[in-house]
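Everything on this sheet refers to the single structure shown next.
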Amino acid sequence: MKNIKLVATDLDGTFLKNDRSISQGNLEALQLLGKMDVVRVVATGRNLRKVMEVIPEEVPFDYIVYSSGAGIYNWKQKKHIYHKNISCESSNLLADYFRKRDYNFYAFNEAPENHRLWYHKGGQDCEEFERYFSFHNSFAEKLTSDSRFKKGLCQFMLIIPEDEEKYENLKNEIERQSDEIRVIRSSSPVTKGYIWAEVFNREVSKGHGVNHLCGLLGINQKDTIGVGNDYNDLDLLHYTAFSFLAENAPTDLKNRFDSVPSNENDAFAVAVKPILN
């Protein structure tokens with residue numbers, strides 16, 4: 001681990017504490033990595049606007065891989081350098097399918113403007129759907145039965161109660177609709193007991209995003225570290241050469257990667273400590 005050139009970390013449940021604050025230990029680790037010329041990357045499911053709500057401008061990251069890899073942003077230069085969206089054709093096909101099935105779903109504008117979204121409330125009530133809406137309604141527009149998108153979308157999101165079989169069936173059902181897309185699972189950061197089924201272009205994941213960034217920067221995969229805590233971190237952790245899972249991760253993910261303490265106990269700082277000594 002002495003030749004590490006890039007470190008990528010998830011935010012919620014990994015780098016950030018439960019109250020969304022940044023520990024002094026994690027901040028100091030970031031600063032030391034910078035002095036060693038190690039590239040510091042956020043790899044998060046949050047869109048860029050949501051990243052900026054929890055990461056102050058002065059926090060010394062170098063790049064943000066946001067929306068699970070749909071976009072990459074140069075944090076220092078304040079410049080968008082990459083995005084990958086679902087085509088207009090597939091976006092309309094999926095929206096029609098979800099409406100036909102009367103699912104509760106959100107559809108997000110193309111990256112980097114994907115903090116703007118549309119919503120469709122299906123016939124089955126979902127408390128988590130309403131909670132999410134309460135946080136995003138200022139940028140949300142109702143999707144009517146005849147709405148057509150004129151350009152592609154960044155993603156769709158469906159919310160279901162935590163049920164492994166139901167999620168797998170839904171994932172398979174959605175992925176059969178188009179070869180262009182994939183479904184990524186995320187545990188709800190809003191309320192425990194719900195799964196977010198997020199639909200992206202098939203080339204989107206945190207791992208793909210960090211891989212693309214490594215290509216741009218000329219960094220070898222063998223010189224990378226990844227830190228995460230949830231299902232949507234799996235592609236990242238399978239990509240990075242040295243991968244760490246926070247103790248607060250779901251039970252069925254444990255033992256797949258090296259373990260570090262929880263996000264409440266400096267998971268990030270502990271993961272990178274060997275290269276700081």
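Going by the structure tokens order, chains are called A, B, ..., each with residues numbered from 1, while ligands are numbered from 1 in the order shown.
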
When you look at Glu173 (chain A) with a cut-off of 12 Å (counting only C-alpha atoms), what residues show up, excluding the ones that are within fewer than 4 positions of it in the same chain? I need them as a list in words.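 With the cut-off at 12 Å, the set is Leu94, Tyr97, Phe98, Arg101, Lys166, Tyr167, Glu168, Asn169, Gln177, Ser178, Asp179, Ile181, Arg182, Val183, Ala197 and Val199 of chain A.
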
Selected residues written out with N, CA and C atoms, as a compact mmCIF listing (two decimals), in the first residue's frame:
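Produced file selection.txt, reproduced below:
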```
# COMPACT_ATOMS: atom_id res chain seq x y z
N LEU A 94 -38.90 3.34 -20.43
CA LEU A 94 -39.00 2.96 -19.02
C LEU A 94 -40.10 3.73 -18.31
N TYR A 97 -43.35 2.22 -19.15
CA TYR A 97 -43.50 0.92 -18.50
C TYR A 97 -43.86 1.09 -17.03
N PHE A 98 -43.16 1.99 -16.33
CA PHE A 98 -43.42 2.20 -14.90
C PHE A 98 -44.82 2.78 -14.67
N ARG A 101 -47.40 0.05 -15.09
CA ARG A 101 -47.45 -0.81 -13.91
C ARG A 101 -47.91 -0.04 -12.66
N LYS A 166 -38.41 -9.69 -3.44
CA LYS A 166 -39.13 -8.66 -4.19
C LYS A 166 -38.16 -7.78 -4.97
N TYR A 167 -37.04 -7.42 -4.33
CA TYR A 167 -36.05 -6.58 -5.02
C TYR A 167 -35.45 -7.31 -6.22
N GLU A 168 -35.06 -8.56 -6.04
CA GLU A 168 -34.45 -9.31 -7.15
C GLU A 168 -35.43 -9.46 -8.31
N ASN A 169 -36.69 -9.71 -8.00
CA ASN A 169 -37.70 -9.83 -9.07
C ASN A 169 -37.87 -8.50 -9.80
N GLN A 177 -36.29 -4.71 -19.74
CA GLN A 177 -36.94 -3.71 -20.60
C GLN A 177 -35.97 -3.06 -21.58
N SER A 178 -34.68 -3.04 -21.24
CA SER A 178 -33.71 -2.37 -22.11
C SER A 178 -32.31 -2.90 -21.83
N ASP A 179 -31.55 -3.18 -22.91
CA ASP A 179 -30.17 -3.63 -22.75
C ASP A 179 -29.26 -2.48 -22.32
N ILE A 181 -29.63 -0.42 -19.78
CA ILE A 181 -29.67 0.00 -18.37
C ILE A 181 -29.28 -1.11 -17.40
N ARG A 182 -29.05 -0.70 -16.16
CA ARG A 182 -28.79 -1.63 -15.06
C ARG A 182 -29.46 -1.07 -13.82
N VAL A 183 -29.74 -1.93 -12.85
CA VAL A 183 -30.34 -1.52 -11.58
C VAL A 183 -29.30 -1.68 -10.48
N ALA A 197 -34.24 1.08 -5.54
CA ALA A 197 -33.82 0.43 -6.79
C ALA A 197 -33.56 1.55 -7.79
N VAL A 199 -32.08 3.04 -11.32
CA VAL A 199 -31.88 2.59 -12.70
C VAL A 199 -30.97 3.59 -13.41
```

Where does DSSP see helix (DSSP H, G or I) in region 41-172 of chain A, if you list the residues as a PyMOL selection string? chain A and resi 48-54+67-69+88-100+127-139+164-172

Could you tell me which of A:Val42, A:Asn47, A:Asn232, A:His136 comes closest to Tyr63 (chain A) if we count only C-alpha atoms? A:Val42

Can you tell me, as a ChimeraX atom specification, what residues are no more than 7 Å from region 212-219 of chain A when counting only C-alpha atoms, ignoring any on the same chain fewer than 3 positions away? /A:5,208-209

Excluding region 105-114 of chain A and any residue of its chain fewer than 3 positions from it, enumerate the residues within 7 Å of it, using only C-alpha atoms, and give them as a CSV table (one decimal) with C-alpha atoms, in the first residue's frame.
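As written to disk, out11.csv reads:
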```
chain,number,residue,atom,x,y,z
A,47,ASN,CA,-26.1,14.2,-6.8
A,70,ALA,CA,-23.2,9.1,-13.6
A,71,GLY,CA,-20.9,12.2,-13.4
A,83,HIS,CA,-21.3,12.3,-17.4
A,85,ASN,CA,-27.0,9.3,-19.0
A,117,LEU,CA,-36.7,15.5,-11.2
A,118,TRP,CA,-40.2,14.3,-12.1
A,119,TYR,CA,-42.4,12.0,-10.0
A,120,HIS,CA,-45.3,9.6,-10.4
A,121,LYS,CA,-47.3,8.5,-7.5
A,152,GLY,CA,-32.2,11.5,-21.9
A,153,LEU,CA,-32.3,11.1,-18.1
A,154,CYS,CA,-29.7,10.4,-15.5
A,155,GLN,CA,-31.7,7.8,-13.7
A,156,PHE,CA,-35.0,6.5,-12.3
A,157,MET,CA,-35.6,5.5,-8.7
A,158,LEU,CA,-38.2,3.1,-7.3
```

Secondary structure check, strand (DSSP E) residues of region 13-162 of chain A, as a PyMOL selection string: chain A and resi 39-43+63-66+71-74+79-83+105-109+117-120+140-142+153-161

Using N, CA, C and O atoms, can you write the selected residues to a file as a short mmCIF file (atom, residue, chain, number, x, y, z; two decimals), in the first residue's frame?
```cif
data_model
loop_
_atom_site.label_atom_id
_atom_site.label_comp_id
_atom_site.auth_asym_id
_atom_site.auth_seq_id
_atom_site.Cartn_x
_atom_site.Cartn_y
_atom_site.Cartn_z
N VAL A 39 -4.49 11.32 -4.86
CA VAL A 39 -5.75 11.89 -5.35
C VAL A 39 -6.87 11.43 -4.43
O VAL A 39 -7.04 10.24 -4.17
N ARG A 40 -7.68 12.39 -3.96
CA ARG A 40 -8.74 12.13 -2.98
C ARG A 40 -10.10 12.28 -3.67
O ARG A 40 -10.43 13.36 -4.16
N VAL A 41 -10.87 11.18 -3.67
CA VAL A 41 -12.10 11.12 -4.46
C VAL A 41 -13.30 10.78 -3.58
O VAL A 41 -13.24 9.84 -2.78
N VAL A 42 -14.38 11.53 -3.75
CA VAL A 42 -15.67 11.14 -3.21
C VAL A 42 -16.36 10.26 -4.25
O VAL A 42 -16.37 10.61 -5.44
N ALA A 43 -16.90 9.13 -3.85
CA ALA A 43 -17.69 8.28 -4.75
C ALA A 43 -19.03 8.04 -4.07
O ALA A 43 -19.12 7.23 -3.14
N TYR A 63 -11.73 15.21 -6.55
CA TYR A 63 -12.78 14.90 -7.53
C TYR A 63 -14.01 14.34 -6.82
O TYR A 63 -13.90 13.71 -5.76
N ILE A 64 -15.17 14.56 -7.43
CA ILE A 64 -16.42 14.00 -6.94
C ILE A 64 -17.00 13.09 -8.02
O ILE A 64 -17.33 13.55 -9.12
N VAL A 65 -17.09 11.81 -7.73
CA VAL A 65 -17.81 10.86 -8.59
C VAL A 65 -19.21 10.79 -7.99
O VAL A 65 -19.41 10.20 -6.94
N TYR A 66 -20.16 11.48 -8.63
CA TYR A 66 -21.48 11.65 -8.03
C TYR A 66 -22.55 10.81 -8.74
O TYR A 66 -22.31 10.26 -9.81
N GLY A 71 -21.68 10.97 -13.10
CA GLY A 71 -20.93 12.17 -13.42
C GLY A 71 -19.66 12.28 -12.59
O GLY A 71 -19.54 11.67 -11.52
N ILE A 72 -18.69 13.04 -13.11
CA ILE A 72 -17.45 13.32 -12.38
C ILE A 72 -17.20 14.82 -12.42
O ILE A 72 -17.32 15.46 -13.47
N TYR A 73 -16.83 15.37 -11.27
CA TYR A 73 -16.65 16.81 -11.12
C TYR A 73 -15.29 17.08 -10.51
O TYR A 73 -14.90 16.46 -9.53
N ASN A 74 -14.54 18.02 -11.13
CA ASN A 74 -13.26 18.45 -10.58
C ASN A 74 -13.56 19.43 -9.46
O ASN A 74 -13.99 20.55 -9.70
N LYS A 79 -15.28 22.15 -12.20
CA LYS A 79 -15.52 21.86 -13.62
C LYS A 79 -16.06 20.44 -13.79
O LYS A 79 -15.52 19.49 -13.22
N HIS A 80 -17.13 20.30 -14.58
CA HIS A 80 -17.65 18.98 -14.93
C HIS A 80 -16.75 18.36 -15.99
O HIS A 80 -16.43 19.00 -16.99
N ILE A 81 -16.36 17.10 -15.77
CA ILE A 81 -15.45 16.48 -16.73
C ILE A 81 -16.02 15.20 -17.36
O ILE A 81 -15.42 14.68 -18.29
N TYR A 82 -17.16 14.73 -16.86
CA TYR A 82 -17.71 13.48 -17.43
C TYR A 82 -19.14 13.31 -16.96
O TYR A 82 -19.49 13.68 -15.84
N HIS A 83 -20.00 12.78 -17.84
CA HIS A 83 -21.31 12.31 -17.41
C HIS A 83 -21.80 11.23 -18.37
O HIS A 83 -21.39 11.17 -19.51
N PHE A 105 -42.49 6.13 -8.64
CA PHE A 105 -41.11 6.29 -9.11
C PHE A 105 -40.75 7.75 -9.32
O PHE A 105 -41.61 8.62 -9.47
N TYR A 106 -39.44 7.98 -9.30
CA TYR A 106 -38.87 9.29 -9.63
C TYR A 106 -38.03 9.15 -10.89
O TYR A 106 -37.40 8.11 -11.13
N ALA A 107 -38.02 10.21 -11.70
CA ALA A 107 -37.20 10.27 -12.91
C ALA A 107 -36.35 11.53 -12.82
O ALA A 107 -36.89 12.62 -12.60
N PHE A 108 -35.04 11.39 -12.98
CA PHE A 108 -34.13 12.50 -12.74
C PHE A 108 -33.55 13.04 -14.05
O PHE A 108 -33.10 12.27 -14.91
N ASN A 109 -33.53 14.36 -14.16
CA ASN A 109 -32.98 15.04 -15.32
C ASN A 109 -31.57 14.54 -15.62
O ASN A 109 -30.90 13.99 -14.75
N LEU A 117 -36.12 16.79 -10.98
CA LEU A 117 -36.73 15.48 -11.15
C LEU A 117 -38.23 15.57 -11.41
O LEU A 117 -38.86 16.60 -11.18
N TRP A 118 -38.76 14.45 -11.90
CA TRP A 118 -40.20 14.26 -12.08
C TRP A 118 -40.62 13.12 -11.16
O TRP A 118 -39.80 12.28 -10.77
N TYR A 119 -41.90 13.07 -10.84
CA TYR A 119 -42.38 11.99 -9.97
C TYR A 119 -43.73 11.48 -10.46
O TYR A 119 -44.51 12.20 -11.09
N HIS A 120 -43.97 10.21 -10.16
CA HIS A 120 -45.27 9.59 -10.44
C HIS A 120 -45.68 8.82 -9.20
O HIS A 120 -44.96 7.93 -8.73
N ALA A 140 -39.07 19.29 -7.94
CA ALA A 140 -39.84 18.19 -8.51
C ALA A 140 -41.04 18.67 -9.32
O ALA A 140 -41.68 19.66 -8.98
N GLU A 141 -41.33 17.94 -10.39
CA GLU A 141 -42.47 18.24 -11.25
C GLU A 141 -43.26 16.96 -11.48
O GLU A 141 -42.67 15.88 -11.69
N LYS A 142 -44.57 17.05 -11.43
CA LYS A 142 -45.40 15.86 -11.61
C LYS A 142 -45.30 15.35 -13.04
O LYS A 142 -45.34 16.12 -13.99
N LEU A 153 -32.29 10.85 -19.55
CA LEU A 153 -32.32 11.06 -18.10
C LEU A 153 -31.07 10.48 -17.46
O LEU A 153 -30.43 9.57 -18.02
N CYS A 154 -30.76 10.98 -16.29
CA CYS A 154 -29.66 10.40 -15.53
C CYS A 154 -30.07 9.05 -14.95
O CYS A 154 -29.35 8.07 -15.06
N GLN A 155 -31.28 9.02 -14.33
CA GLN A 155 -31.69 7.79 -13.66
C GLN A 155 -33.18 7.81 -13.31
O GLN A 155 -33.83 8.85 -13.36
N PHE A 156 -33.67 6.64 -12.94
CA PHE A 156 -34.97 6.46 -12.30
C PHE A 156 -34.71 5.89 -10.91
O PHE A 156 -33.67 5.26 -10.66
N MET A 157 -35.69 6.08 -10.02
CA MET A 157 -35.59 5.46 -8.71
C MET A 157 -36.95 4.96 -8.27
O MET A 157 -37.94 5.71 -8.30
N LEU A 158 -37.01 3.69 -7.89
CA LEU A 158 -38.21 3.09 -7.31
C LEU A 158 -37.89 2.72 -5.87
O LEU A 158 -36.75 2.33 -5.56
N ILE A 159 -38.86 2.85 -4.99
CA ILE A 159 -38.66 2.58 -3.57
C ILE A 159 -39.58 1.45 -3.14
O ILE A 159 -40.78 1.48 -3.40
N ILE A 160 -39.00 0.41 -2.49
CA ILE A 160 -39.79 -0.72 -2.04
C ILE A 160 -39.40 -1.08 -0.61
O ILE A 160 -38.29 -0.77 -0.16
N PRO A 161 -40.30 -1.72 0.15
CA PRO A 161 -39.92 -2.22 1.48
C PRO A 161 -38.78 -3.22 1.34
O PRO A 161 -38.62 -3.87 0.30
#
```

Residues within 10 Å of Asp37 (chain A), please, as an NGL selection string. Count only C-alpha atoms; anything in the same chain fewer than 3 positions from it doesn't count. :A and (4-6 or 31-34 or 40)

Store the residues picked out above, limited to N, CA, C and O atoms, as a PDB file, in the first residue's frame.
```pdb
ATOM      1  N   ILE A   4       0.259   3.935  -3.160  1.00  0.00           N
ATOM      2  CA  ILE A   4      -1.120   4.344  -3.451  1.00  0.00           C
ATOM      3  C   ILE A   4      -1.134   5.739  -4.084  1.00  0.00           C
ATOM      4  O   ILE A   4      -0.492   6.677  -3.615  1.00  0.00           O
ATOM      5  N   LYS A   5      -1.909   5.844  -5.176  1.00  0.00           N
ATOM      6  CA  LYS A   5      -2.014   7.115  -5.905  1.00  0.00           C
ATOM      7  C   LYS A   5      -3.417   7.728  -5.806  1.00  0.00           C
ATOM      8  O   LYS A   5      -3.586   8.915  -6.081  1.00  0.00           O
ATOM      9  N   LEU A   6      -4.419   6.917  -5.458  1.00  0.00           N
ATOM     10  CA  LEU A   6      -5.796   7.414  -5.407  1.00  0.00           C
ATOM     11  C   LEU A   6      -6.573   6.698  -4.312  1.00  0.00           C
ATOM     12  O   LEU A   6      -6.474   5.471  -4.182  1.00  0.00           O
ATOM     13  N   GLN A  31      -6.046  15.745   4.597  1.00  0.00           N
ATOM     14  CA  GLN A  31      -4.976  16.737   4.454  1.00  0.00           C
ATOM     15  C   GLN A  31      -3.621  16.074   4.269  1.00  0.00           C
ATOM     16  O   GLN A  31      -2.813  16.496   3.426  1.00  0.00           O
ATOM     17  N   LEU A  32      -3.365  15.019   5.026  1.00  0.00           N
ATOM     18  CA  LEU A  32      -2.091  14.293   4.898  1.00  0.00           C
ATOM     19  C   LEU A  32      -1.969  13.619   3.543  1.00  0.00           C
ATOM     20  O   LEU A  32      -0.893  13.602   2.940  1.00  0.00           O
ATOM     21  N   LEU A  33      -3.074  13.056   3.049  1.00  0.00           N
ATOM     22  CA  LEU A  33      -3.050  12.432   1.725  1.00  0.00           C
ATOM     23  C   LEU A  33      -2.693  13.461   0.656  1.00  0.00           C
ATOM     24  O   LEU A  33      -1.948  13.174  -0.291  1.00  0.00           O
ATOM     25  N   GLY A  34      -3.213  14.675   0.797  1.00  0.00           N
ATOM     26  CA  GLY A  34      -2.902  15.729  -0.146  1.00  0.00           C
ATOM     27  C   GLY A  34      -1.424  16.067  -0.159  1.00  0.00           C
ATOM     28  O   GLY A  34      -0.830  16.297  -1.230  1.00  0.00           O
ATOM     29  N   ARG A  40      -7.680  12.390  -3.959  1.00  0.00           N
ATOM     30  CA  ARG A  40      -8.738  12.131  -2.980  1.00  0.00           C
ATOM     31  C   ARG A  40     -10.101  12.275  -3.669  1.00  0.00           C
ATOM     32  O   ARG A  40     -10.430  13.363  -4.158  1.00  0.00           O
TER      33      ARG A  40
END
```

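If you measure from each of A:Arg176, A:Lys273, A:His238, A:Lys50 to Asp12 (chain A) using only C-alpha atoms, the closest one turns out to be A:Lys50.
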
So, with only C-alpha atoms as the atoms that count, which of A:Thr224, A:Val54, A:Ser138, A:Tyr103 lies closest to Leu170 (chain A)?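 The shortest atom-to-atom distance to Leu170 (chain A) comes from A:Tyr103.
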
Please, what distance in Å, to one decimal, runs between CA of Gly228 (chain A) and CA of Asn211 (chain A)? 16.0 Å

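Note that CA of Glu175 (chain A) and CA of Ser243 (chain A) are 28.0 Å apart.
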